[in-house]
Every structure is written in structure tokens, then in C-alpha cells.
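Quick look at coords.cif (mmCIF, C-alpha atoms):
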data_start
#
loop_
_atom_site.label_atom_id
_atom_site.label_comp_id
_atom_site.auth_asym_id
_atom_site.auth_seq_id
_atom_site.Cartn_x
_atom_site.Cartn_y
_atom_site.Cartn_z
CA MET A 1 0.00 0.00 0.00
CA ARG A 2 1.98 2.89 -1.21
CA ARG A 3 2.36 6.09 0.76
CA LEU A 4 4.19 8.97 -0.85
CA SER A 5 7.33 10.53 0.56
CA ARG A 6 6.70 13.33 3.01
CA ARG A 7 9.38 15.40 1.26
CA SER A 8 9.12 14.40 -2.35
CA PHE A 9 6.22 13.58 -4.62
CA LEU A 10 8.17 12.22 -7.56
CA ALA A 11 9.51 8.74 -6.86
CA SER A 12 12.98 8.17 -8.16
CA SER A 13 13.92 4.98 -9.98
CA ALA A 14 15.10 2.05 -7.89
CA ALA A 15 18.25 0.27 -8.97
CA VAL A 16 17.78 -3.41 -9.71
CA LEU A 17 19.53 -5.36 -6.98
CA THR A 18 22.08 -7.87 -8.15
CA ALA A 19 24.37 -8.47 -5.18
CA ALA A 20 23.09 -10.80 -2.48
CA PRO A 21 23.79 -9.74 1.11
CA ALA A 22 25.84 -11.90 3.37
CA PHE A 23 23.59 -13.43 6.01
CA ALA A 24 22.99 -16.81 7.58
CA ALA A 25 19.84 -18.41 6.22
CA PRO A 26 17.66 -20.22 8.75
CA ARG A 27 18.03 -23.97 8.95
CA PRO A 28 15.34 -26.18 7.36
CA ALA A 29 12.47 -26.47 9.81
CA PRO A 30 12.20 -29.49 12.04
CA GLU A 31 8.91 -31.32 12.45
CA VAL A 32 6.28 -28.77 13.43
CA PRO A 33 5.25 -29.21 17.08
CA ARG A 34 1.51 -29.53 17.66
CA SER A 35 1.55 -28.94 21.40
CA GLY A 36 3.84 -29.16 24.41
CA TRP A 37 6.88 -27.13 25.44
CA VAL A 38 8.67 -24.76 23.03
CA ASP A 39 11.14 -21.97 23.68
CA ALA A 40 8.84 -19.37 22.08
CA VAL A 41 5.46 -19.00 20.38
CA ILE A 42 4.91 -16.49 17.58
CA VAL A 43 1.31 -15.41 17.06
CA GLY A 44 0.69 -14.42 13.44
CA ALA A 45 2.51 -15.20 10.19
CA GLY A 46 2.56 -11.79 8.57
CA ALA A 47 5.82 -9.99 7.86
CA ALA A 48 6.60 -9.43 11.55
CA GLY A 49 5.92 -13.05 12.50
CA ILE A 50 7.96 -14.43 9.60
CA ALA A 51 10.88 -12.12 10.40
CA ALA A 52 10.75 -13.13 14.05
CA GLY A 53 10.66 -16.81 13.10
CA ARG A 54 13.68 -16.56 10.84
CA ARG A 55 15.60 -14.80 13.60
CA LEU A 56 14.72 -17.48 16.16
CA ALA A 57 15.61 -20.23 13.69
CA ALA A 58 19.02 -18.66 13.09
CA ALA A 59 19.49 -18.60 16.89
CA ARG A 60 18.65 -22.35 17.05
CA LYS A 61 15.54 -21.90 19.19
CA GLN A 62 12.64 -24.31 19.25
CA PHE A 63 9.47 -22.40 18.42
CA VAL A 64 6.21 -22.49 16.52
CA VAL A 65 4.39 -19.85 14.44
CA LEU A 66 0.61 -19.94 14.86
CA GLU A 67 -1.46 -18.37 12.07
CA ALA A 68 -5.24 -18.07 12.29
CA ALA A 69 -5.75 -17.72 8.52
CA ASP A 70 -5.19 -20.49 5.98
CA GLN A 71 -2.25 -18.68 4.38
CA VAL A 72 0.76 -16.63 5.45
CA GLY A 73 1.35 -12.95 4.74
CA GLY A 74 -1.11 -11.01 6.88
CA ARG A 75 -1.82 -7.84 4.90
CA CYS A 76 0.61 -8.92 2.16
CA ILE A 77 -1.02 -11.67 0.08
CA THR A 78 -0.34 -12.59 -3.54
CA ASP A 79 -3.33 -14.05 -5.42
CA THR A 80 -2.53 -16.02 -8.60
CA LYS A 81 -5.97 -17.53 -9.17
CA THR A 82 -8.23 -14.53 -9.83
CA PHE A 83 -6.42 -13.23 -12.92
CA GLY A 84 -4.01 -16.04 -13.66
CA ILE A 85 -1.03 -13.78 -12.85
CA PRO A 86 0.41 -12.55 -9.54
CA TYR A 87 -1.88 -9.92 -8.01
CA ASP A 88 -1.00 -8.43 -4.62
CA ARG A 89 -4.24 -8.06 -2.71
CA GLY A 90 -2.58 -5.92 -0.05
CA ALA A 91 0.91 -4.45 0.13
CA HIS A 92 2.64 -4.20 -3.25
CA TRP A 93 5.29 -1.45 -3.11
CA ILE A 94 8.80 -2.31 -1.88
CA TYR A 95 9.98 1.03 -0.49
CA ALA A 96 13.61 2.18 -0.42
CA ALA A 97 14.54 -0.91 -2.42
CA ASP A 98 18.24 -0.07 -2.33
CA ILE A 99 18.33 -0.56 1.46
CA ASN A 100 15.16 -2.57 2.13
CA PRO A 101 16.15 -5.99 3.57
CA LEU A 102 13.17 -7.63 1.86
CA ALA A 103 14.37 -6.51 -1.56
CA LYS A 104 17.72 -8.08 -0.86
CA LEU A 105 16.08 -11.27 0.40
CA ALA A 106 13.97 -11.42 -2.76
CA VAL A 107 17.08 -11.42 -4.94
CA GLN A 108 18.69 -13.99 -2.62
CA SER A 109 15.58 -16.15 -3.06
CA GLY A 110 15.73 -15.99 -6.85
CA LEU A 111 12.76 -13.67 -7.32
CA ASP A 112 12.64 -10.80 -9.81
CA ILE A 113 12.82 -7.26 -8.42
CA TYR A 114 12.34 -4.37 -10.82
CA ALA A 115 12.20 -0.59 -10.41
CA ALA A 116 8.98 1.36 -10.14
CA PRO A 117 8.61 3.94 -12.91
CA PRO A 118 9.56 7.49 -11.85
CA GLY A 119 6.82 10.04 -11.35
CA GLN A 120 3.03 10.03 -11.26
CA ARG A 121 0.33 11.84 -13.21
CA VAL A 122 -2.83 13.71 -12.31
CA ARG A 123 -6.05 13.46 -14.27
CA ILE A 124 -8.09 16.68 -14.59
CA GLY A 125 -11.47 15.83 -16.00
CA ARG A 126 -10.82 13.89 -19.19
CA ARG A 127 -7.24 15.03 -19.70
CA TYR A 128 -3.94 14.87 -17.87
CA ALA A 129 -2.55 17.84 -15.98
CA ARG A 130 -0.26 20.08 -18.03
CA GLU A 131 3.27 20.76 -16.87
CA SER A 132 2.33 24.08 -15.27
CA GLU A 133 -0.58 22.45 -13.46
CA MET A 134 1.65 19.68 -12.16
CA GLU A 135 4.10 22.27 -10.89
CA ASP A 136 1.28 24.03 -9.10
CA PHE A 137 0.09 20.79 -7.55
CA LEU A 138 3.57 19.68 -6.50
CA SER A 139 4.27 23.07 -4.99
CA SER A 140 1.03 22.87 -3.01
CA LEU A 141 1.87 19.36 -1.85
CA VAL A 142 5.33 20.42 -0.70
CA ARG A 143 3.85 23.34 1.24
CA ALA A 144 1.35 20.99 2.89
CA ASN A 145 4.12 18.63 3.96
CA VAL A 146 6.25 21.50 5.28
CA ALA A 147 3.30 22.87 7.26
CA ILE A 148 2.67 19.44 8.82
CA ALA A 149 6.35 19.02 9.74
CA ASP A 150 6.59 22.54 11.19
CA ALA A 151 3.46 22.04 13.29
CA ALA A 152 4.73 18.69 14.61
CA ARG A 153 7.73 20.42 16.18
CA LYS A 154 5.37 22.42 18.39
CA SER A 155 2.46 20.09 19.15
CA ASP A 156 0.89 16.88 17.92
CA VAL A 157 -2.44 17.89 16.38
CA ALA A 158 -4.62 16.79 13.47
CA CYS A 159 -3.01 17.31 10.07
CA THR A 160 -6.03 19.16 8.68
CA GLN A 161 -5.63 21.87 11.33
CA VAL A 162 -2.27 22.98 9.96
CA LEU A 163 -2.68 22.74 6.19
CA PRO A 164 -2.01 26.03 4.38
CA LYS A 165 -5.16 28.08 3.83
CA ASP A 166 -4.27 28.86 0.21
CA LEU A 167 -4.26 25.34 -1.24
CA GLY A 168 -7.36 26.32 -3.15
CA GLU A 169 -8.79 23.82 -5.62
CA TRP A 170 -5.92 21.39 -4.98
CA ARG A 171 -6.87 20.88 -1.33
CA PRO A 172 -9.23 17.87 -1.80
CA THR A 173 -6.61 16.08 -3.92
CA ILE A 174 -3.81 16.78 -1.45
CA GLU A 175 -5.97 15.59 1.43
CA PHE A 176 -6.67 12.36 -0.45
CA VAL A 177 -3.03 11.74 -1.42
CA LEU A 178 -1.69 12.33 2.09
CA GLY A 179 -4.70 10.88 3.92
CA PRO A 180 -6.87 8.04 2.55
CA TYR A 181 -4.34 6.97 -0.06
CA GLY A 182 -1.24 7.58 2.04
CA CYS A 183 -2.32 6.26 5.43
CA SER A 184 -5.88 4.95 5.01
CA LYS A 185 -7.49 7.69 7.14
CA GLU A 186 -8.76 11.23 6.71
CA LEU A 187 -6.12 13.81 7.66
CA ALA A 188 -8.44 14.99 10.43
CA ASP A 189 -7.74 11.65 12.11
CA VAL A 190 -3.96 11.62 11.58
CA SER A 191 -1.24 12.92 13.90
CA THR A 192 1.10 15.59 12.52
CA ALA A 193 3.97 14.05 14.51
CA ASP A 194 3.28 10.59 13.10
CA LEU A 195 3.06 11.75 9.50
CA SER A 196 6.12 13.98 9.72
CA ARG A 197 8.23 11.23 11.33
CA SER A 198 7.34 8.60 8.75
CA GLY A 199 10.32 7.39 6.74
CA GLU A 200 10.98 8.09 3.08
CA ARG A 201 9.08 6.04 0.50
CA ASP A 202 11.25 6.81 -2.53
CA ASN A 203 13.37 4.41 -4.64
CA SER A 204 10.49 1.95 -4.84
CA ALA A 205 10.42 -1.40 -6.60
CA PHE A 206 8.13 -4.36 -7.19
CA CYS A 207 8.49 -8.14 -7.00
CA ARG A 208 7.33 -9.64 -10.29
CA GLN A 209 6.17 -12.82 -8.57
CA GLY A 210 4.31 -10.76 -5.95
CA PHE A 211 5.26 -9.27 -2.58
CA GLY A 212 3.07 -11.84 -0.83
CA ALA A 213 4.80 -14.62 -2.78
CA LEU A 214 8.12 -13.38 -1.40
CA LEU A 215 6.84 -13.55 2.19
CA ALA A 216 5.44 -17.02 1.57
CA LYS A 217 8.82 -18.18 0.29
CA LEU A 218 10.61 -16.70 3.30
CA ALA A 219 8.12 -18.43 5.62
CA ALA A 220 8.45 -21.84 3.99
CA PRO A 221 11.27 -23.21 6.22
CA LEU A 222 9.56 -22.18 9.47
CA PRO A 223 7.66 -24.46 11.89
CA LEU A 224 4.25 -23.06 11.05
CA LEU A 225 0.66 -24.08 11.78
CA LEU A 226 -2.00 -22.53 9.55
CA ALA A 227 -5.70 -22.23 10.40
CA THR A 228 -4.69 -22.29 14.07
CA PRO A 229 -6.10 -19.26 15.86
CA VAL A 230 -4.83 -18.51 19.33
CA LYS A 231 -7.72 -18.40 21.78
CA THR A 232 -6.02 -17.60 25.09
CA ILE A 233 -2.59 -16.63 26.36
CA GLU A 234 -2.23 -17.23 30.11
CA TRP A 235 0.78 -15.53 31.66
CA TRP A 236 0.01 -15.69 35.36
CA SER A 237 2.96 -17.95 36.10
CA ARG A 238 6.50 -16.63 36.13
CA ALA A 239 7.79 -20.02 35.01
CA ARG A 240 5.75 -20.48 31.83
CA ILE A 241 3.14 -19.04 29.49
CA GLU A 242 0.29 -21.23 28.25
CA VAL A 243 -1.02 -20.64 24.73
CA ASP A 244 -4.29 -22.37 23.85
CA THR A 245 -5.50 -23.10 20.33
CA PRO A 246 -8.36 -25.31 19.05
CA LYS A 247 -5.69 -27.85 18.04
CA GLY A 248 -3.68 -28.01 21.24
CA GLN A 249 -1.87 -26.14 24.00
CA PHE A 250 1.71 -24.86 24.02
CA LYS A 251 3.77 -24.06 27.08
CA THR A 252 6.59 -21.60 26.53
CA GLY A 253 8.94 -19.07 28.04
CA ALA A 254 8.18 -16.22 25.61
CA VAL A 255 5.48 -15.09 23.20
CA ILE A 256 5.69 -12.67 20.28
CA ILE A 257 2.27 -11.28 19.29
CA THR A 258 2.19 -9.79 15.78
CA VAL A 259 -1.54 -9.34 15.16
CA SER A 260 -2.94 -6.00 13.96
CA THR A 261 -4.04 -3.34 16.44
CA ASN A 262 -7.68 -3.92 15.47
CA VAL A 263 -7.40 -7.64 16.22
CA LEU A 264 -5.53 -6.88 19.44
CA THR A 265 -8.40 -4.70 20.71
CA SER A 266 -11.18 -6.91 19.32
CA GLY A 267 -11.05 -9.52 22.08
CA LYS A 268 -10.44 -12.35 19.62
CA ILE A 269 -7.37 -13.33 21.63
CA LYS A 270 -7.92 -13.46 25.39
CA LEU A 271 -4.95 -12.63 27.59
CA ALA A 272 -5.05 -13.67 31.24
CA PRO A 273 -4.26 -11.45 32.97
CA ASP A 274 -5.68 -8.93 30.52
CA LEU A 275 -3.52 -6.80 28.28
CA PRO A 276 -2.67 -3.77 30.44
CA LYS A 277 -4.79 -0.68 29.87
CA ARG A 278 -1.66 1.22 28.82
CA GLN A 279 -1.14 -1.07 25.82
CA LEU A 280 -4.85 -1.36 25.04
CA ASP A 281 -5.20 2.42 24.92
CA ALA A 282 -2.12 2.66 22.70
CA ALA A 283 -3.53 0.07 20.29
CA ALA A 284 -6.86 1.91 20.15
CA LYS A 285 -5.08 5.15 19.21
CA LEU A 286 -3.30 3.23 16.45
CA LYS A 287 -6.40 1.55 15.04
CA LEU A 288 -6.31 0.58 11.38
CA GLY A 289 -7.83 2.77 8.70
CA SER A 290 -9.49 1.56 5.50
CA ARG A 291 -7.75 0.94 2.17
CA ASP A 292 -8.82 -1.46 -0.57
CA HIS A 293 -8.05 -2.46 -4.16
CA VAL A 294 -10.61 -2.85 -6.91
CA ALA A 295 -8.81 -4.77 -9.64
CA LEU A 296 -10.19 -4.89 -13.19
CA GLU A 297 -8.89 -6.93 -16.11
CA LEU A 298 -9.35 -4.78 -19.21
CA THR A 299 -9.39 -5.56 -22.92
CA GLY A 300 -6.16 -3.83 -23.82
CA ASN A 301 -4.45 -0.65 -22.63
CA LEU A 302 -7.54 1.55 -22.74
CA PHE A 303 -5.95 4.47 -20.90
CA GLY A 304 -2.57 4.54 -22.62
CA LEU A 305 -0.70 4.05 -19.37
CA ARG A 306 2.82 2.79 -18.82
CA ALA A 307 3.37 -0.41 -16.87
CA ASP A 308 2.81 0.20 -13.14
CA GLU A 309 1.83 3.83 -13.62
CA LEU A 310 0.21 5.74 -10.76
CA VAL A 311 -2.51 8.32 -11.49
CA PHE A 312 -4.49 10.59 -9.17
CA GLU A 313 -7.59 12.63 -9.91
CA LYS A 314 -7.92 16.35 -9.31
CA SER A 315 -11.00 15.82 -7.22
CA GLU A 316 -13.65 18.05 -5.74
CA SER A 317 -14.91 15.60 -3.12
CA ARG A 318 -13.90 12.60 -1.03
CA GLN A 319 -15.44 10.22 -3.56
CA THR A 320 -12.20 9.75 -5.42
CA ALA A 321 -9.53 7.11 -5.86
CA ALA A 322 -6.09 6.38 -7.32
CA ILE A 323 -5.24 4.35 -10.41
CA PHE A 324 -2.43 1.81 -10.59
CA GLY A 325 -2.40 0.93 -14.26
CA ASN A 326 -1.08 -2.01 -16.25
CA MET A 327 0.21 -3.92 -13.25
CA ALA A 328 3.54 -5.60 -14.12
CA GLY A 329 2.86 -4.88 -17.80
CA SER A 330 -0.51 -6.68 -17.80
CA THR A 331 -3.93 -5.21 -18.58
CA ILE A 332 -4.89 -5.24 -14.89
CA CYS A 333 -5.98 -1.81 -13.62
CA VAL A 334 -6.20 -1.39 -9.85
CA VAL A 335 -8.38 1.35 -8.38
CA ASP A 336 -7.49 2.20 -4.77
CA VAL A 337 -10.13 3.56 -2.40
CA GLY A 338 -9.58 4.51 1.22
CA GLY A 339 -10.49 6.61 4.21
CA SER A 340 -14.10 7.19 5.25
CA PHE A 341 -15.39 6.97 1.67
CA GLY A 342 -13.51 3.72 1.09
CA ARG A 343 -14.80 2.28 4.35
CA ASP A 344 -18.42 3.15 3.52
CA LEU A 345 -18.02 1.77 0.00
CA SER A 346 -16.47 -1.47 1.25
CA ALA A 347 -19.34 -1.93 3.69
CA LYS A 348 -21.73 -2.00 0.72
CA GLY A 349 -19.99 -5.05 -0.70
CA GLU A 350 -17.78 -6.09 -3.58
CA ALA A 351 -20.39 -5.41 -6.27
CA ALA A 352 -20.79 -1.79 -5.18
CA MET A 353 -17.02 -1.31 -5.11
CA ILE A 354 -16.65 -2.67 -8.63
CA ASP A 355 -19.53 -0.51 -9.91
CA PHE A 356 -17.90 2.59 -8.44
CA ALA A 357 -14.54 1.79 -10.03
CA ILE A 358 -16.05 1.14 -13.46
CA ASN A 359 -18.18 4.30 -13.42
CA TRP A 360 -15.39 6.46 -12.02
CA LEU A 361 -12.89 5.33 -14.64
CA GLY A 362 -15.48 5.78 -17.37
CA GLY A 363 -16.09 9.34 -16.25
CA LEU A 364 -12.37 10.16 -16.25
CA TYR A 365 -11.60 8.66 -19.64
CA GLY A 366 -14.92 8.92 -21.46
CA THR A 367 -14.91 5.19 -22.09
CA ASP A 368 -17.72 2.65 -21.96
CA MET A 369 -16.03 0.54 -19.34
CA LYS A 370 -18.65 -2.13 -18.79
CA SER A 371 -17.94 -3.91 -22.05
CA ALA A 372 -14.17 -3.50 -21.58
CA VAL A 373 -13.95 -5.21 -18.19
CA LYS A 374 -13.42 -8.95 -18.02
CA ARG A 375 -12.48 -10.48 -14.68
CA ARG A 376 -12.72 -8.29 -11.58
CA HIS A 377 -12.00 -8.43 -7.86
CA ALA A 378 -12.32 -6.16 -4.81
CA THR A 379 -10.54 -6.59 -1.49
CA ARG A 380 -12.40 -5.89 1.73
CA TRP A 381 -9.68 -5.79 4.37
CA ASN A 382 -12.03 -4.39 7.02
CA ASN A 383 -13.93 -7.69 6.85
CA GLU A 384 -10.91 -10.00 6.94
CA PRO A 385 -11.46 -11.54 10.41
CA TRP A 386 -7.78 -11.74 11.36
CA VAL A 387 -6.80 -8.32 9.95
CA LEU A 388 -9.77 -5.89 10.22
CA GLY A 389 -8.28 -2.94 8.33
CA ALA A 390 -5.30 -1.43 6.55
CA ILE A 391 -2.72 0.96 8.10
CA SER A 392 -2.19 2.07 11.71
CA ALA A 393 -1.81 5.85 11.29
CA ALA A 394 -1.75 7.39 14.78
CA ALA A 395 -4.57 9.60 16.00
CA PRO A 396 -3.72 13.25 16.78
CA GLY A 397 -1.63 13.40 19.93
CA ALA A 398 -0.90 9.67 19.85
CA GLN A 399 2.44 9.30 18.07
CA SER A 400 4.07 8.12 21.30
CA SER A 401 1.63 5.18 21.38
CA ARG A 402 3.94 3.24 19.05
CA LYS A 403 6.68 3.09 21.65
CA VAL A 404 4.14 2.19 24.35
CA LEU A 405 2.73 -0.65 22.26
CA ALA A 406 6.20 -2.12 21.81
CA GLU A 407 6.88 -2.29 25.57
CA PRO A 408 7.37 -5.93 26.72
CA LEU A 409 4.85 -7.39 29.15
CA SER A 410 6.55 -8.84 32.21
CA GLY A 411 9.67 -9.18 30.07
CA ARG A 412 8.18 -12.28 28.37
CA ILE A 413 5.45 -11.12 25.96
CA PHE A 414 6.52 -8.92 23.07
CA LEU A 415 4.28 -7.04 20.62
CA ALA A 416 5.44 -6.54 17.04
CA GLY A 417 4.03 -5.39 13.70
CA GLU A 418 3.98 -2.24 11.62
CA ALA A 419 2.12 -0.35 14.34
CA THR A 420 5.11 -0.68 16.68
CA HIS A 421 7.60 0.89 14.26
CA GLU A 422 7.98 4.62 14.89
CA THR A 423 9.05 5.63 11.38
CA LEU A 424 8.25 2.75 9.03
CA TRP A 425 4.68 2.19 10.21
CA GLY A 426 2.30 1.16 7.45
CA THR A 427 5.03 -0.71 5.56
CA VAL A 428 6.03 -4.35 5.22
CA ASN A 429 9.67 -3.54 5.99
CA GLY A 430 8.56 -1.73 9.14
CA ALA A 431 6.69 -4.84 10.25
CA TRP A 432 9.72 -6.97 9.32
CA GLU A 433 12.13 -4.86 11.38
CA SER A 434 9.76 -4.94 14.35
CA GLY A 435 9.61 -8.73 14.19
CA GLU A 436 13.39 -8.99 14.15
CA ARG A 437 13.59 -6.60 17.09
CA ALA A 438 11.14 -8.68 19.13
CA ALA A 439 12.96 -11.91 18.27
CA ASP A 440 16.29 -10.41 19.34
CA ALA A 441 14.71 -9.60 22.70
CA VAL A 442 13.48 -13.18 23.03
CA VAL A 443 16.92 -14.60 22.16
CA LYS A 444 18.48 -12.37 24.81
CA LEU A 445 15.86 -13.50 27.32
CA LEU A 446 16.34 -17.20 26.61
CA GLY A 447 20.08 -17.20 26.37
CA GLY A 448 22.02 -19.76 24.30
CA PRO A 449 20.75 -22.31 21.79
CA SER A 450 17.80 -24.50 22.77
CA LYS A 451 18.79 -27.75 24.44
CA ARG A 452 16.28 -29.44 22.17
CA SER A 453 17.88 -28.14 18.93
#

Show me, as C-alpha cells, the structure contained in the file I just sent.
Amino acid sequence: MRRLSRRSFLASSAAVLTAAPAFAAPRPAPEVPRSGWVDAVIVGAGAAGIAAGRRLAAARKQFVVLEAADQVGGRCITDTKTFGIPYDRGAHWIYAADINPLAKLAVQSGLDIYAAPPGQRVRIGRRYARESEMEDFLSSLVRANVAIADAARKSDVACTQVLPKDLGEWRPTIEFVLGPYGCSKELADVSTADLSRSGERDNSAFCRQGFGALLAKLAAPLPLLLATPVKTIEWWSRARIEVDTPKGQFKTGAVIITVSTNVLTSGKIKLAPDLPKRQLDAAAKLKLGSRDHVALELTGNLFGLRADELVFEKSESRQTAAIFGNMAGSTICVVDVGGSFGRDLSAKGEAAMIDFAINWLGGLYGTDMKSAVKRRHATRWNNEPWVLGAISAAAPGAQSSRKVLAEPLSGRIFLAGEATHETLWGTVNGAWESGERAADAVVKLLGGPSKRS
């Protein structure tokens, strides 16, 4: 789910990575334990859980990864059935590919990483913005970002409160780009400190086989149980933690919980004693926004777009979207909706989402879209039972909640995931780094290699 750089609108080209980093790959997984004692339990097999698992495997710990869904990836899933080609239903952009550890791991794994095209375009009615109009828009966007950053140095308030008053007719578009598209929430619900501290998103790239396919490949050697939701985590005892699932109980010395903030506050996983109010409040202030893809397979390149081209609309209302055209050189066009409008649209169901996308594109390009659309698909992440949303942009005044959420519980339970990363929140690499950080803490807690390894 791409979010634009706070300092730069035009994305620069990412160099194709050819040199593999030197690192120790995890050992092949032993037989997956179904119950009993393990050194650690990881709850969730998204990016954070997979990263944590690989770290524990490299440290020769005995552990298990428990995933409630029937596939790995969390909010990063590659679907190859709907269109017959890799289609990322969630995260797709590999940010800062020149330094992103996942880009390097993709090359190490034999997958194809290629650079995102530089720049984006803006559609004004049924034409593209002229050069002077783009300059005006970019200038307005830069001033909006500067105003947010300046305000964050003084107090942590809602981003809409500090936007320049003279954005004029560009204001709705800027609010969409920075808000619903950038962090899945309206800017009125986003912290200036959180947005201004977010890391750069330039030098982007894509994985031709799919970002979710990369995570699945990295998860393959891990001791992993799918379709195994955690029901309770009892941590009364100082000697052990008991983790109950419908398929069995694990006893362990440490637990890494990587579920989303919305799942964490939903009560789906019962902690006994309860998750402290401090962490619950932090998770609530980092609740996930709404962001979905409506993917349409078209008969040809109807819009004359380059492969993987990003297009925004100069909008007058919140009922707008972004276009990601010709995905990986195919005829798949992805329409991204988010924020309050996206949430309301998603609640109406997949058919309503597809109708909006078809009608919206037809209005922008003057094309009879209904006869041009073949296969179609819409994600509804708010309804995915073990995700319940998109990105954890902090509420105004709540940027510090990320550090609070990452605080260990009794030195034995560790929370990880994109919401716990202070600068790379909302990204797969942010989730990955948080998982590694939690696993390092567990290795330190447990000491040397497992006696059972």
C-alpha cells in the first residue's frame, strides 16, 4: 500500500539489486510441534511473524508460528488464481529498495525485483494535468508537507488543522493523497507528529512474482501451523506461558504477538491477565484505517498508461480514488479507495465497489467501461477476520503510542508489527524490522541455543 514521501512527490527509480547480502539463512524447519513445550510462540505469520521466526531459527531456538488464517502474509497476500497472474491483494510497493532488507532477500531467493517507474500523473477531468498544473500541484503538496512538519515540532495535532489556507482547488486532492491513499485515514484523524516522522518512501520497486509470494517463500522453512487461531494466552505464572489453540496447548517461556491493532483490541485473543490498559489504549489510538483495491482486467491498454503507472484525480470531493495501471505490464488496472469513503463503499460489498470503479474510470476517460472489463475483484480488508483494516496511522496526539505498544509485558510477551515501528509504520519492511527486534529480545531473554535443537 503505497504512501508517498513526506518530502518528495516524484519517486525516483530504484536500482535493480544484483548483489546478495551476506547473512545466515535459517536452517530447514524441524517437524512442526503440535503442542507441548517450546522456547517461544509467535502469534501471526505476517511480515513481523515471519521475520521473528527466521531470527529465532538462526538462533537455534525451538518455536512455533501460529497463524489463524489459511495462508501466510497477513496484509501482504499474492493471489494467482483470480487473474491467472500474480496480483498483490494488499501491500505491493517495496519502499527504499536499495536498502530494504526484503528486496535483498527477494534477490537472494531468486525472485525478480524491478524498479517502479519514476513520477506520477494527475487526471483533470478527461485530460492529464499540463506541466504548469503539475508544478502548481507539487508546490502545493510540498507546502502541505512542510506545514505538517513545522506544526509537529510544536504540538501533535490533526493534520487538517495545519494545512495552508491557500491550497485552493488542490486541497481535496492533497488531502486524499496524504490521507486516505497515504495512510488509510482522513487527515483529520492523523497525527502531525506521526506523519512527519514517517520514513521516506522513494526508490520503490516491485516483485514480479508478488510481494506476498516473497513472504510465503521466506516463511516456507519455518515451523508453522495454519488455520490455528490462538484463543487464550495465560501468563500468570513466572515459570511459563500457556497458549491455547483449538488444536492443542503450548507451554513456553516467551510469546511474540504480531496481530494487527484492530485484532488486538477486538477480544479475539484473550490474555489472562488482561492486556494492560496502557497497551490497550495505545492500540486503540493506532487503530487501522481503510484501504482497498478494486482490480479490473481490461481488454487492452484503454488508458494509454505505462506499466505500473500511478494516477491521481484532481478531485472536488472525497469520492475519489487512485489508479495503478497495467500492473507488471498486464492489462490489470487497480483502483485504490480509502479513508471514510472507502470504508463506507467497502461496507456496501464487492459489487458496489466494482460498480464505483467502473463508473469512475469511465467518467475520467470517457470510455464505456462495462464492455471493456473482463475479470474483476475487490478486497475488503475491514472484513478480513484476522486483519480488520489497513494501516495504523496514529490519531492526533498519539504518536508516542507506538513506543508504548512495543513495551514488553513482564519481560516475556513482546508485541510486534507495523504499528510498533515509529518511522516505518504502514510498511512491510517496518513490520519486518519490528519482528526482528522482538525476536532479538526473546533470544536475549532465553540465552544460548535451545537444548532441544

Restricting to all atoms listed in the file, whichever of A:Val294, A:Leu280, A:Ala40, A:Ala147 is closest to Leu405 (chain A) is A:Leu280

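We find CA of Asn262 (chain A) and CA of Leu286 (chain A) to be spaced 8.4 Å apart.
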
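All protein and nucleic acid residues in the vicinity of (-2.4, 14.7, 14.3), that is within 6 Å when counting only C-alpha atoms, are Asp156, Val157, Ala158, Cys159, Val190, Ser191, Thr192, Ala395, Pro396 and Gly397 of chain A.
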
Counting only C-alpha atoms, which residues in region 209-327 of chain A sit no more than 12 Å from region 120-135 of chain A? For each one, give the nearest pair of atoms and the distance in Å, sorted by chain then residue number, as CSV.
residue,atom,partner,partner_atom,distance
A:Phe303,CA,A:Arg127,CA,10.7
A:Gly304,CA,A:Tyr128,CA,11.5
A:Leu305,CA,A:Arg121,CA,10.0
A:Arg306,CA,A:Gln120,CA,10.5
A:Ala307,CA,A:Gln120,CA,11.9
A:Asp308,CA,A:Gln120,CA,10.0
A:Glu309,CA,A:Gln120,CA,6.7
A:Leu310,CA,A:Gln120,CA,5.2
A:Val311,CA,A:Arg121,CA,4.8
A:Phe312,CA,A:Val122,CA,4.7
A:Glu313,CA,A:Arg123,CA,4.7
A:Lys314,CA,A:Ile124,CA,5.3
A:Ser315,CA,A:Ile124,CA,8.0
A:Glu316,CA,A:Ile124,CA,10.5
A:Thr320,CA,A:Arg123,CA,11.4
A:Ala321,CA,A:Arg123,CA,11.1
A:Ala322,CA,A:Val122,CA,9.4
A:Ile323,CA,A:Arg121,CA,9.7
A:Phe324,CA,A:Gln120,CA,9.9
A:Gly325,CA,A:Gln120,CA,11.0

Exercise for the section: Identify which of the residues A:Asp368, A:Glu384, A:Asp70, A:Asp166 lies closest to Leu224 (chain A), counting all atoms listed in the file when measuring atom-to-atom distances. Expected result: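 Using all atoms listed in the file, the shortest distance to Leu224 (chain A) belongs to A:Asp70.
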
Please enumerate the residues selected by the PyMOL selection byres ((chain A and resi 409-421) around 6) when evaluated against the supplied file, formatted as a list in words.
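Those residues are Ala48, Ala254, Val255, Ile256, Ile257, Thr258, Ser392, Arg402, Ala406, Pro408, Glu422, Thr423, Leu424, Trp425, Gly426, Gly430, Ala431, Ser434 and Gly435 of chain A.
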
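In this structure, CA of Gly44 (chain A) sits 9.8 Å away from CA of Leu225 (chain A).
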
Quick check, in Å to one decimal: how far apart do CA of Leu446 (chain A) and CA of Gly253 (chain A) lie?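 A separation of 7.8 Å between them.
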
Can you spell out as a ChimeraX atom specification the set of residues that the PyMOL selection byres ((chain A and resi 106) around 12) selects in the structure I just provided?
/A:16-21,94,97,100-105,107-114,205-218

Checklist line | Expansion of the PyMOL selection byres ((chain A and resi 350) around 12) into residues, as a list in words | finding: Asp292, His293, Val294, Ala295, Gly342, Arg343, Asp344, Leu345, Ser346, Ala347, Lys348, Gly349, Ala351, Ala352, Met353, Ile354, Asp355, Phe356, Ala357, Arg376, His377, Ala378, Thr379, Arg380, Trp381 and Asn383 of chain A

- prompt: Using only C-alpha atoms, which residue out of A:Thr78, A:Thr252, A:Asn145, A:Thr367 lies closest to Asp39 (chain A)?
  reply: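 Smallest separation from Asp39 (chain A) among the options: A:Thr252.
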
* Given the choices A:Met327, A:Ala57, A:Leu388, A:Ile174, which gets closest to Ser260 (chain A) if the distance is worked out from all atoms listed in the file? ->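 Nearest to Ser260 (chain A): A:Leu388.
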
Practice prompt. Quick one: everything within 8 Å of Ala51 (chain A), counting only C-alpha atoms, minus sequence neighbours fewer than 4 positions away in the same chain. Send it as an MDAnalysis selection string.
Written response: chainID A and resid 47 55 432:433 435:436

Judged by all atoms listed in the file, the minimum distance to Phe176 (chain A) among A:Lys403, A:Arg318, A:Lys61, A:Arg240 is found for A:Arg318

**Prompt:** Which residue out of A:Gly182, A:Gly329, A:Pro273, A:Gly46 has the minimum interatomic distance to Arg201 (chain A) when only C-alpha atoms are used?
**Reply:**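 Smallest distance to Arg201 (chain A) is found for A:Gly182.
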
So that all listed atoms of region 316-320 of chain A fit with 5 Å spare on each side, what axis-aligned box centre and edge lengths in Å, to one decimal, would you give as JSON?
{"center_x": -13.8, "center_y": 13.9, "center_z": -3.4, "size_x": 13.2, "size_y": 18.3, "size_z": 14.7}
